[in-house]
file my_file_19.txt (compact mmCIF, C-alpha atoms)
# COMPACT_ATOMS: atom_id res chain seq x y z
CA MET A 1 41.50 11.77 15.31
CA ASP A 2 38.69 9.24 15.10
CA TYR A 3 36.29 11.40 13.10
CA HIS A 4 33.52 8.82 13.20
CA ALA A 5 33.51 8.91 16.99
CA TYR A 6 33.86 12.71 16.84
CA TYR A 7 30.78 12.90 14.64
CA GLN A 8 28.68 10.66 16.89
CA GLN A 9 29.74 12.32 20.12
CA THR A 10 30.13 15.99 19.12
CA VAL A 11 28.30 16.71 15.86
CA TYR A 12 25.29 14.40 15.84
CA PRO A 13 23.76 15.72 19.11
CA LYS A 14 23.68 19.24 17.65
CA ILE A 15 21.79 18.38 14.47
CA ASP A 16 18.09 19.19 14.14
CA PHE A 17 16.43 16.67 11.82
CA ARG A 18 13.80 13.95 11.85
CA ILE A 19 15.54 11.14 10.02
CA VAL A 20 13.53 8.39 11.74
CA ASN A 21 10.30 9.67 10.21
CA LYS A 22 11.65 9.69 6.66
CA TYR A 23 14.02 6.69 6.82
CA PRO A 24 12.68 4.19 9.36
CA HIS A 25 15.41 1.65 8.53
CA VAL A 26 18.27 4.12 9.12
CA SER A 27 20.24 5.36 12.11
CA LEU A 28 23.19 7.75 12.03
CA VAL A 29 24.55 6.29 15.25
CA GLU A 30 25.55 2.67 15.72
CA GLN A 31 23.05 0.47 17.54
CA LYS A 32 22.83 -3.24 18.37
CA LYS A 33 19.93 -3.61 15.94
CA THR A 34 21.76 -2.01 12.99
CA THR A 35 24.51 -2.92 10.53
CA PRO A 36 26.91 -0.29 9.08
CA LEU A 37 26.29 0.40 5.41
CA SER A 38 29.98 -0.28 4.85
CA GLN A 39 29.25 -3.98 5.39
CA LEU A 40 26.18 -4.23 3.16
CA GLN A 41 25.69 -4.70 -0.57
CA MET A 42 24.73 -1.49 -2.34
CA VAL A 43 24.51 -0.14 -5.90
CA MET A 44 25.93 3.39 -6.22
CA LEU A 45 24.84 5.32 -9.31
CA VAL A 46 27.41 8.11 -9.64
CA ALA A 47 27.87 11.03 -12.01
CA LEU A 48 29.17 14.58 -12.12
CA THR A 49 26.64 17.42 -12.02
CA GLY A 50 24.65 17.82 -15.23
CA THR A 51 25.15 14.25 -16.44
CA GLY A 52 21.53 13.24 -15.88
CA LYS A 53 21.75 11.11 -12.76
CA THR A 54 18.46 12.28 -11.24
CA THR A 55 16.66 11.87 -14.56
CA THR A 56 18.06 8.35 -14.88
CA LEU A 57 16.91 7.47 -11.37
CA ASP A 58 13.43 8.74 -12.21
CA ALA A 59 13.45 6.65 -15.39
CA LEU A 60 14.54 3.59 -13.38
CA LYS A 61 11.47 4.01 -11.18
CA GLN A 62 9.27 3.93 -14.27
CA LEU A 63 10.44 0.40 -15.10
CA ASN A 64 7.75 -0.80 -12.67
CA GLU A 65 10.08 -3.05 -10.73
CA ASN A 66 9.18 -2.59 -7.07
CA ASP A 67 12.57 -3.59 -5.71
CA ILE A 68 14.21 -0.70 -7.62
CA GLU A 69 11.87 1.96 -6.24
CA GLN A 70 12.09 0.55 -2.74
CA GLY A 71 15.87 0.30 -2.96
CA MET A 72 16.09 4.00 -3.83
CA SER A 73 14.07 5.05 -0.78
CA ILE A 74 15.91 3.16 1.96
CA ILE A 75 18.80 5.53 2.71
CA PRO A 76 19.29 9.31 2.60
CA SER A 77 20.41 11.03 -0.60
CA ARG A 78 23.83 12.62 -1.07
CA ARG A 79 22.36 16.03 -0.28
CA GLU A 80 20.89 14.75 2.97
CA VAL A 81 24.07 12.94 4.03
CA ALA A 82 25.97 16.15 3.27
CA ASP A 83 23.44 18.14 5.33
CA TRP A 84 23.46 15.69 8.23
CA ILE A 85 27.08 14.52 8.31
CA ALA A 86 29.68 16.25 6.10
CA ILE A 87 28.60 19.91 6.23
CA PRO A 88 27.88 20.16 9.99
CA THR A 89 31.12 18.34 10.75
CA ALA A 90 33.05 20.83 8.59
CA GLN A 91 31.21 23.77 10.19
CA ILE A 92 32.15 22.63 13.69
CA LEU A 93 35.74 22.04 12.58
CA PHE A 94 35.70 25.68 11.37
CA ASP A 95 34.22 26.66 14.77
CA GLU A 96 31.12 27.89 12.95
CA PRO A 97 27.49 27.42 13.98
CA ILE A 98 25.61 24.59 12.30
CA LYS A 99 23.26 26.09 9.72
CA PRO A 100 21.73 25.11 6.36
CA VAL A 101 23.81 25.81 3.24
CA THR A 102 22.00 26.27 -0.09
CA ASP A 103 24.71 27.88 -2.23
CA ARG A 104 26.21 25.11 -4.38
CA VAL A 105 29.72 26.57 -4.33
CA GLN A 106 29.67 26.83 -0.53
CA ARG A 107 28.41 23.26 -0.28
CA PHE A 108 31.36 22.07 -2.39
CA HIS A 109 33.62 24.04 -0.04
CA TYR A 110 32.27 22.32 3.06
CA THR A 111 32.18 18.81 1.61
CA GLY A 112 35.71 19.42 0.29
CA THR A 113 36.82 20.44 3.77
CA PHE A 114 35.23 17.30 5.21
CA ALA A 115 37.14 15.21 2.66
CA LYS A 116 40.44 16.86 3.62
CA HIS A 117 39.95 15.72 7.20
CA VAL A 118 38.08 12.44 6.66
CA LYS A 119 39.72 10.06 4.19
CA GLY A 120 37.23 9.03 1.52
CA GLY A 121 35.04 12.10 1.92
CA MET A 122 31.39 11.43 1.18
CA ALA A 123 32.08 7.73 0.59
CA THR A 124 33.13 7.51 4.23
CA ALA A 125 30.16 9.65 5.31
CA PHE A 126 27.83 7.12 3.66
CA SER A 127 29.66 4.27 5.39
CA TRP A 128 28.65 5.86 8.71
CA VAL A 129 24.97 5.29 7.89
CA ASN A 130 23.52 2.26 9.69
CA ILE A 131 20.68 0.03 8.46
CA ASN A 132 18.20 -1.90 10.59
CA LYS A 133 19.06 -5.60 10.50
CA GLU A 134 15.45 -6.41 9.67
CA TYR A 135 15.91 -4.95 6.18
CA ASP A 136 17.58 -7.32 3.71
CA GLY A 137 16.47 -5.86 0.36
CA LEU A 138 18.15 -3.89 -2.40
CA ILE A 139 19.88 -0.60 -1.54
CA ILE A 140 20.47 1.97 -4.29
CA SER A 141 22.18 5.34 -3.80
CA GLU A 142 23.60 8.25 -5.79
CA GLY A 143 25.87 9.36 -3.03
CA ILE A 144 29.46 9.74 -4.22
CA ARG A 145 31.44 11.39 -7.01
CA GLY A 146 34.99 12.02 -8.12
CA SER A 147 38.02 9.75 -8.31
CA THR A 148 38.96 10.00 -4.63
CA GLU A 149 35.53 9.01 -3.33
CA ILE A 150 35.05 6.33 -5.98
CA THR A 151 38.49 4.81 -5.40
CA HIS A 152 37.92 4.76 -1.64
CA ALA A 153 34.54 3.07 -2.04
CA LEU A 154 35.81 0.49 -4.53
CA THR A 155 38.82 -0.30 -2.36
CA HIS A 156 37.32 -0.29 1.14
CA PHE A 157 33.67 -1.26 0.60
CA GLN A 158 33.86 -4.13 -1.85
CA ASN A 159 30.16 -4.96 -1.50
CA TRP A 160 29.41 -1.58 -3.08
CA TYR A 161 28.98 -1.64 -6.86
CA ILE A 162 29.69 1.63 -8.66
CA ILE A 163 27.82 2.41 -11.89
CA GLU A 164 29.06 5.72 -13.33
CA LEU A 165 27.27 7.78 -15.96
CA ALA A 166 29.77 9.53 -18.24
CA LEU A 167 29.16 12.64 -20.35
CA HIS A 168 31.43 15.20 -22.06
CA PRO A 169 32.02 18.37 -19.97
CA ILE A 170 30.62 20.74 -22.62
CA THR A 171 27.42 18.70 -22.88
CA ARG A 172 27.17 18.70 -19.10
CA LEU A 173 27.49 22.50 -19.08
CA LYS A 174 24.67 22.78 -21.62
CA ARG A 175 22.40 20.51 -19.61
CA LEU A 176 23.21 22.26 -16.36
CA SER A 177 22.50 25.64 -18.00
CA SER A 178 19.02 24.51 -19.01
CA ARG A 179 18.06 23.18 -15.57
CA LYS A 180 15.57 25.11 -13.51
CA GLY A 181 16.19 23.27 -10.25
CA GLY A 182 15.94 25.30 -7.05
CA PHE A 183 19.01 23.52 -5.72
CA ASP A 184 21.30 25.16 -8.32
CA LYS A 185 21.99 28.35 -6.38
CA VAL A 186 25.30 30.20 -6.57
CA SER A 187 26.48 33.66 -5.59
CA GLU A 188 29.64 33.66 -7.72
CA ALA A 189 30.05 34.57 -11.37
CA GLY A 190 31.57 31.95 -13.64
CA ASP A 191 34.12 32.00 -16.45
CA VAL A 192 35.82 29.43 -18.67
CA SER A 193 39.37 29.78 -17.31
CA PHE A 194 39.20 26.56 -15.26
CA LEU A 195 38.53 24.42 -18.34
CA PRO A 196 41.30 22.71 -20.31
CA GLN A 197 42.66 24.92 -23.08
CA ASP A 198 41.05 22.83 -25.82
CA LEU A 199 37.57 23.45 -24.34
CA GLN A 200 37.86 27.12 -23.43
CA THR A 201 37.21 28.55 -26.92
CA GLU A 202 34.12 26.41 -27.44
CA ALA A 203 32.78 27.19 -23.98
CA GLN A 204 33.38 30.93 -24.39
CA ALA A 205 31.49 30.91 -27.70
CA LEU A 206 28.58 29.08 -26.06
CA LEU A 207 28.61 31.52 -23.15
CA THR A 208 28.56 34.52 -25.51
CA ALA A 209 25.68 32.95 -27.46
CA GLY A 210 23.73 32.32 -24.26
CA ASP A 211 23.84 28.53 -24.67
CA ILE A 212 25.57 28.05 -21.34
CA THR A 213 25.34 30.23 -18.24
CA GLU A 214 27.78 31.74 -15.77
CA GLN A 215 25.91 29.87 -13.05
CA ALA A 216 26.60 26.54 -14.74
CA LEU A 217 30.27 27.47 -15.14
CA ALA A 218 30.56 28.48 -11.48
CA ILE A 219 28.98 25.23 -10.29
CA THR A 220 31.13 23.10 -12.61
CA LYS A 221 34.29 24.96 -11.60
CA ALA A 222 33.61 24.45 -7.89
CA GLU A 223 32.79 20.79 -8.46
CA SER A 224 35.90 20.20 -10.61
CA GLU A 225 38.13 21.62 -7.87
CA ASN A 226 36.89 18.89 -5.53
CA TYR A 227 35.93 16.04 -7.85
CA GLY A 228 37.57 16.62 -11.21
CA LEU A 229 36.09 17.37 -14.61
CA TYR A 230 36.00 13.92 -16.19
CA PRO A 231 34.63 10.49 -15.22
CA PHE A 232 36.71 8.03 -13.21
CA ALA A 233 39.71 6.99 -15.30
CA ALA A 234 40.83 3.85 -13.45
CA GLY A 235 37.61 1.88 -13.58
CA GLU A 236 39.09 -1.05 -15.49
CA GLN A 237 41.21 -1.86 -12.44
CA PHE A 238 38.14 -2.76 -10.36
CA ASP A 239 35.66 -5.61 -10.73
CA ASN A 240 32.95 -3.64 -8.90
CA TYR A 241 33.01 -0.61 -11.26
CA TYR A 242 30.80 -0.18 -14.35
CA ARG A 243 30.59 2.75 -16.74
CA VAL A 244 27.69 3.84 -18.95
CA ASP A 245 28.40 6.46 -21.64
CA VAL A 246 25.21 8.51 -21.94
CA ASP A 247 25.99 10.69 -24.97
CA ASP A 248 23.19 10.46 -27.55
CA LYS A 249 21.05 8.26 -25.29
CA THR A 250 17.61 9.02 -23.90
CA PRO A 251 17.03 8.75 -20.13
CA GLU A 252 15.01 5.63 -20.80
CA GLN A 253 17.89 4.01 -22.69
CA VAL A 254 20.33 4.91 -19.92
CA ALA A 255 17.95 3.48 -17.32
CA GLN A 256 17.69 0.25 -19.30
CA ASP A 257 21.50 0.01 -19.46
CA VAL A 258 21.78 0.58 -15.71
CA ASN A 259 19.00 -1.90 -15.00
CA ARG A 260 20.74 -4.59 -17.07
CA ILE A 261 23.94 -4.12 -15.06
CA MET A 262 22.02 -4.27 -11.78
CA LYS A 263 20.20 -7.46 -12.80
CA GLY A 264 23.52 -9.02 -13.72
CA LEU A 265 24.89 -8.15 -10.29
CA MET A 266 21.87 -9.57 -8.49
CA ASN A 267 21.91 -12.78 -10.55
CA ALA A 268 25.62 -13.22 -9.87
CA ASP A 269 24.90 -13.25 -6.15
CA ASP A 270 22.14 -15.86 -6.35

call {"tool": "encode", "arguments": {"input": "my_file_19.txt", "output": "structure tokens"}}
result
Amino acid sequence: MDYHAYYQQTVYPKIDFRIVNKYPHVSLVEQKKTTPLSQLQMVMLVALTGTGKTTTLDALKQLNENDIEQGMSIIPSRREVADWIAIPTAQILFDEPIKPVTDRVQRFHYTGTFAKHVKGGMATAFSWVNINKEYDGLIISEGIRGSTEITHALTHFQNWYIIELALHPITRLKRLSSRKGGFDKVSEAGDVSFLPQDLQTEAQALLTAGDITEQALAITKAESENYGLYPFAAGEQFDNYYRVDVDDKTPEQVAQDVNRIMKGLMNADD
């Protein structure tokens, strides 16, 4: 099945959103005046949940470089692309009504289902976004994660540059446990059984001490089932992949590292 055509013909007409108001340069259907994102240059900042991606993006904005802030606002976020493309497509494939999904575990279920049908998962969903030809500036996104999505993007969209933030799973669990974000909603209890044996004892001790939460474990378990537990392992095979280890670094330091990579990419294209 041509799932892109299926989305445009069957799913898109049933979605209730006002994308034009928020993203004037974007269309989710192909038009003569647009170019598919798959053909454009883009920087993808990727990371597993709890690594500090959002904090890093906020720190990047504080560098007072207008092209960075503008580049971040051009296209929808991963959550929005999931809401507008991956999740409704999966719901229709399940013969379910299109409706909002806030539970993180359920969202992983739907995006995982989308990926089982559509090769490349969310990387492909992002490639279906179209940009007005009048815009020729920087595009920055945080839209993909996991080895399957990253490999697909690196292989099929070679104008996309992947910068991955890497952090140890236990540290990610601690950070995720301390977050107060309204998006981190789950209805399932969590346990340590999904972790590698060498991490289970440490995680159980932290859980007993109240240093990590069942909610964080449930989110990380659901994510790991779809995207793995560790950063992308095959990055050295690709010229358009970069990795930043964020252990023991402040958000400002991470943002500076990312900014240096981005400047190098931009200068290389001049």

call {"tool": "residues_around", "arguments": {"input": "my_file_19.txt", "residues": "A:Ser27", "least_positions_apart": "5", "cutoff": "7 Å", "atoms": "all atoms listed in the file", "output": "mmCIF file with C-alpha atoms, in the coordinates of the input"}}
result
data_model
loop_
_atom_site.group_PDB
_atom_site.id
_atom_site.type_symbol
_atom_site.label_atom_id
_atom_site.label_comp_id
_atom_site.auth_asym_id
_atom_site.auth_seq_id
_atom_site.Cartn_x
_atom_site.Cartn_y
_atom_site.Cartn_z
ATOM 1 C CA VAL A 129 24.970 5.290 7.890
ATOM 2 C CA ASN A 130 23.520 2.260 9.690
ATOM 3 C CA ILE A 131 20.680 0.030 8.460
#

call {"tool": "atom_distance", "arguments": {"input": "my_file_19.txt", "atom1": "atom CA of A:Thr220", "atom2": "atom CA of A:Gly50"}}
result
8.8 Å

call {"tool": "residues_near_point", "arguments": {"input": "my_file_19.txt", "point": "(36.8, 22.5, 0.8)", "cutoff": "12 Å", "atoms": "all atoms listed in the file", "output": "list in words"}}
result
Ala86, Ile87, Ala90, Gln91, Leu93, Phe94, Val105, Gln106, Arg107, Phe108, His109, Tyr110, Thr111, Gly112, Thr113, Phe114, Ala115, Lys116, His117, Val118, Gly121, Ala222, Glu223, Ser224, Glu225, Asn226 and Tyr227 of chain A

call {"tool": "closest_residue", "arguments": {"input": "my_file_19.txt", "among": "A:Ser38, A:Thr213, A:Ser178, A:Thr151", "to": "A:Gly120", "atoms": "all atoms listed in the file"}}
result
A:Thr151

call {"tool": "closest_residue", "arguments": {"input": "my_file_19.txt", "among": "A:Leu195, A:Ile139, A:Ile261, A:Ala82", "to": "A:Gln70", "atoms": "only C-alpha atoms"}}
result
A:Ile139

call {"tool": "atom_distance", "arguments": {"input": "my_file_19.txt", "atom1": "atom CA of A:Ala255", "atom2": "atom CA of A:Tyr161"}}
result
16.0 Å

call {"tool": "atom_distance", "arguments": {"input": "my_file_19.txt", "atom1": "atom CA of A:Gln253", "atom2": "atom CA of A:Ala203"}}
result
27.6 Å

call {"tool": "residues_near_point", "arguments": {"input": "my_file_19.txt", "point": "(14.5, 5.3, -13.0)", "cutoff": "10 Å", "atoms": "only C-alpha atoms", "output": "ChimeraX atom specification"}}
result
/A:53-65,68-69,72,251-252,254-256,258-259

call {"tool": "residues_around", "arguments": {"input": "my_file_19.txt", "residues": "stretch 45-47 of chain A", "least_positions_apart": "4", "cutoff": "8 Å", "atoms": "all atoms listed in the file", "output": "tab-separated table (two decimals) with C-alpha atoms, keeping the file's coordinate frame"}}
result
chain	number	residue	atom	x	y	z
A	51	THR	CA	25.15	14.25	-16.44
A	52	GLY	CA	21.53	13.24	-15.88
A	53	LYS	CA	21.75	11.11	-12.76
A	140	ILE	CA	20.47	1.97	-4.29
A	141	SER	CA	22.18	5.34	-3.80
A	142	GLU	CA	23.60	8.25	-5.79
A	143	GLY	CA	25.87	9.36	-3.03
A	144	ILE	CA	29.46	9.74	-4.22
A	145	ARG	CA	31.44	11.39	-7.01
A	162	ILE	CA	29.69	1.63	-8.66
A	163	ILE	CA	27.82	2.41	-11.89
A	164	GLU	CA	29.06	5.72	-13.33
A	165	LEU	CA	27.27	7.78	-15.96
A	166	ALA	CA	29.77	9.53	-18.24
A	231	PRO	CA	34.63	10.49	-15.22

call {"tool": "residues_around", "arguments": {"input": "my_file_19.txt", "residues": "A:Leu199", "least_positions_apart": "3", "cutoff": "12 Å", "atoms": "all atoms listed in the file", "output": "list in words"}}
result
His168, Pro169, Ile170, Thr171, Leu173, Val192, Ser193, Phe194, Leu195, Pro196, Glu202, Ala203, Gln204, Ala205, Leu206 and Leu229 of chain A

call {"tool": "axis_aligned_box", "arguments": {"input": "my_file_19.txt", "around": "stretch 199-218 of chain A", "padding_each_side": "5 Å", "output": "JSON"}}
result
{"center_x": 30.8, "center_y": 29.0, "center_z": -19.6, "size_x": 24.1, "size_y": 21.1, "size_z": 26.2}

call {"tool": "closest_residue", "arguments": {"input": "my_file_19.txt", "among": "A:Ile98, A:Arg175, A:Lys249, A:Ser147", "to": "A:Gly235", "atoms": "only C-alpha atoms"}}
result
A:Ser147

call {"tool": "build_atoms", "arguments": {"input": "my_file_19.txt", "residues": "stretch 43-72 of chain A", "atoms": "N, CA and C atoms", "output": "PDB file, in the coordinates of the input"}}
result
ATOM      1  N   VAL A  43      24.221  -0.654  -4.558  1.00  0.00           N
ATOM      2  CA  VAL A  43      24.510  -0.140  -5.900  1.00  0.00           C
ATOM      3  C   VAL A  43      24.601   1.378  -5.800  1.00  0.00           C
ATOM      4  N   MET A  44      25.728   1.948  -6.208  1.00  0.00           N
ATOM      5  CA  MET A  44      25.930   3.390  -6.220  1.00  0.00           C
ATOM      6  C   MET A  44      25.909   3.886  -7.658  1.00  0.00           C
ATOM      7  N   LEU A  45      24.887   4.669  -8.003  1.00  0.00           N
ATOM      8  CA  LEU A  45      24.840   5.320  -9.310  1.00  0.00           C
ATOM      9  C   LEU A  45      25.502   6.673  -9.166  1.00  0.00           C
ATOM     10  N   VAL A  46      26.638   6.881  -9.834  1.00  0.00           N
ATOM     11  CA  VAL A  46      27.410   8.110  -9.640  1.00  0.00           C
ATOM     12  C   VAL A  46      27.553   8.864 -10.949  1.00  0.00           C
ATOM     13  N   ALA A  47      27.701  10.179 -10.828  1.00  0.00           N
ATOM     14  CA  ALA A  47      27.870  11.030 -12.010  1.00  0.00           C
ATOM     15  C   ALA A  47      28.184  12.443 -11.557  1.00  0.00           C
ATOM     16  N   LEU A  48      28.912  13.169 -12.381  1.00  0.00           N
ATOM     17  CA  LEU A  48      29.170  14.580 -12.120  1.00  0.00           C
ATOM     18  C   LEU A  48      27.912  15.388 -12.442  1.00  0.00           C
ATOM     19  N   THR A  49      27.829  16.580 -11.869  1.00  0.00           N
ATOM     20  CA  THR A  49      26.640  17.420 -12.020  1.00  0.00           C
ATOM     21  C   THR A  49      26.340  17.712 -13.488  1.00  0.00           C
ATOM     22  N   GLY A  50      25.079  17.547 -13.863  1.00  0.00           N
ATOM     23  CA  GLY A  50      24.650  17.820 -15.230  1.00  0.00           C
ATOM     24  C   GLY A  50      24.658  16.610 -16.131  1.00  0.00           C
ATOM     25  N   THR A  51      25.069  15.457 -15.611  1.00  0.00           N
ATOM     26  CA  THR A  51      25.150  14.250 -16.440  1.00  0.00           C
ATOM     27  C   THR A  51      23.781  13.624 -16.668  1.00  0.00           C
ATOM     28  N   GLY A  52      22.868  13.814 -15.741  1.00  0.00           N
ATOM     29  CA  GLY A  52      21.530  13.240 -15.880  1.00  0.00           C
ATOM     30  C   GLY A  52      21.232  12.130 -14.894  1.00  0.00           C
ATOM     31  N   LYS A  53      21.909  12.156 -13.756  1.00  0.00           N
ATOM     32  CA  LYS A  53      21.750  11.110 -12.760  1.00  0.00           C
ATOM     33  C   LYS A  53      20.330  11.073 -12.194  1.00  0.00           C
ATOM     34  N   THR A  54      19.813  12.228 -11.813  1.00  0.00           N
ATOM     35  CA  THR A  54      18.460  12.280 -11.240  1.00  0.00           C
ATOM     36  C   THR A  54      17.424  11.835 -12.256  1.00  0.00           C
ATOM     37  N   THR A  55      17.588  12.267 -13.502  1.00  0.00           N
ATOM     38  CA  THR A  55      16.660  11.870 -14.560  1.00  0.00           C
ATOM     39  C   THR A  55      16.719  10.355 -14.781  1.00  0.00           C
ATOM     40  N   THR A  56      17.916   9.797 -14.722  1.00  0.00           N
ATOM     41  CA  THR A  56      18.060   8.350 -14.880  1.00  0.00           C
ATOM     42  C   THR A  56      17.395   7.608 -13.735  1.00  0.00           C
ATOM     43  N   LEU A  57      17.564   8.101 -12.509  1.00  0.00           N
ATOM     44  CA  LEU A  57      16.910   7.470 -11.370  1.00  0.00           C
ATOM     45  C   LEU A  57      15.397   7.511 -11.507  1.00  0.00           C
ATOM     46  N   ASP A  58      14.883   8.645 -11.982  1.00  0.00           N
ATOM     47  CA  ASP A  58      13.430   8.740 -12.210  1.00  0.00           C
ATOM     48  C   ASP A  58      12.983   7.749 -13.271  1.00  0.00           C
ATOM     49  N   ALA A  59      13.792   7.606 -14.334  1.00  0.00           N
ATOM     50  CA  ALA A  59      13.450   6.650 -15.390  1.00  0.00           C
ATOM     51  C   ALA A  59      13.514   5.214 -14.883  1.00  0.00           C
ATOM     52  N   LEU A  60      14.456   4.932 -13.978  1.00  0.00           N
ATOM     53  CA  LEU A  60      14.540   3.590 -13.380  1.00  0.00           C
ATOM     54  C   LEU A  60      13.252   3.257 -12.632  1.00  0.00           C
ATOM     55  N   LYS A  61      12.709   4.239 -11.926  1.00  0.00           N
ATOM     56  CA  LYS A  61      11.470   4.010 -11.180  1.00  0.00           C
ATOM     57  C   LYS A  61      10.317   3.642 -12.104  1.00  0.00           C
ATOM     58  N   GLN A  62      10.355   4.166 -13.320  1.00  0.00           N
ATOM     59  CA  GLN A  62       9.270   3.930 -14.270  1.00  0.00           C
ATOM     60  C   GLN A  62       9.316   2.527 -14.880  1.00  0.00           C
ATOM     61  N   LEU A  63      10.348   1.762 -14.569  1.00  0.00           N
ATOM     62  CA  LEU A  63      10.440   0.400 -15.100  1.00  0.00           C
ATOM     63  C   LEU A  63       9.479  -0.554 -14.404  1.00  0.00           C
ATOM     64  N   ASN A  64       8.789  -0.039 -13.372  1.00  0.00           N
ATOM     65  CA  ASN A  64       7.750  -0.800 -12.670  1.00  0.00           C
ATOM     66  C   ASN A  64       8.298  -2.053 -11.991  1.00  0.00           C
ATOM     67  N   GLU A  65       9.531  -1.956 -11.516  1.00  0.00           N
ATOM     68  CA  GLU A  65      10.080  -3.050 -10.730  1.00  0.00           C
ATOM     69  C   GLU A  65      10.186  -2.551  -9.281  1.00  0.00           C
ATOM     70  N   ASN A  66       9.352  -3.124  -8.418  1.00  0.00           N
ATOM     71  CA  ASN A  66       9.180  -2.590  -7.070  1.00  0.00           C
ATOM     72  C   ASN A  66      10.469  -2.571  -6.258  1.00  0.00           C
ATOM     73  N   ASP A  67      11.350  -3.560  -6.496  1.00  0.00           N
ATOM     74  CA  ASP A  67      12.570  -3.590  -5.710  1.00  0.00           C
ATOM     75  C   ASP A  67      13.462  -2.399  -6.013  1.00  0.00           C
ATOM     76  N   ILE A  68      13.411  -1.875  -7.254  1.00  0.00           N
ATOM     77  CA  ILE A  68      14.210  -0.700  -7.620  1.00  0.00           C
ATOM     78  C   ILE A  68      13.718   0.528  -6.862  1.00  0.00           C
ATOM     79  N   GLU A  69      12.406   0.774  -6.916  1.00  0.00           N
ATOM     80  CA  GLU A  69      11.870   1.960  -6.240  1.00  0.00           C
ATOM     81  C   GLU A  69      12.076   1.884  -4.742  1.00  0.00           C
ATOM     82  N   GLN A  70      11.863   0.710  -4.176  1.00  0.00           N
ATOM     83  CA  GLN A  70      12.090   0.550  -2.740  1.00  0.00           C
ATOM     84  C   GLN A  70      13.556   0.754  -2.396  1.00  0.00           C
ATOM     85  N   GLY A  71      14.441   0.172  -3.226  1.00  0.00           N
ATOM     86  CA  GLY A  71      15.870   0.300  -2.960  1.00  0.00           C
ATOM     87  C   GLY A  71      16.356   1.722  -2.955  1.00  0.00           C
ATOM     88  N   MET A  72      15.700   2.594  -3.758  1.00  0.00           N
ATOM     89  CA  MET A  72      16.090   4.000  -3.830  1.00  0.00           C
ATOM     90  C   MET A  72      15.642   4.799  -2.606  1.00  0.00           C
TER      91      MET A  72
END
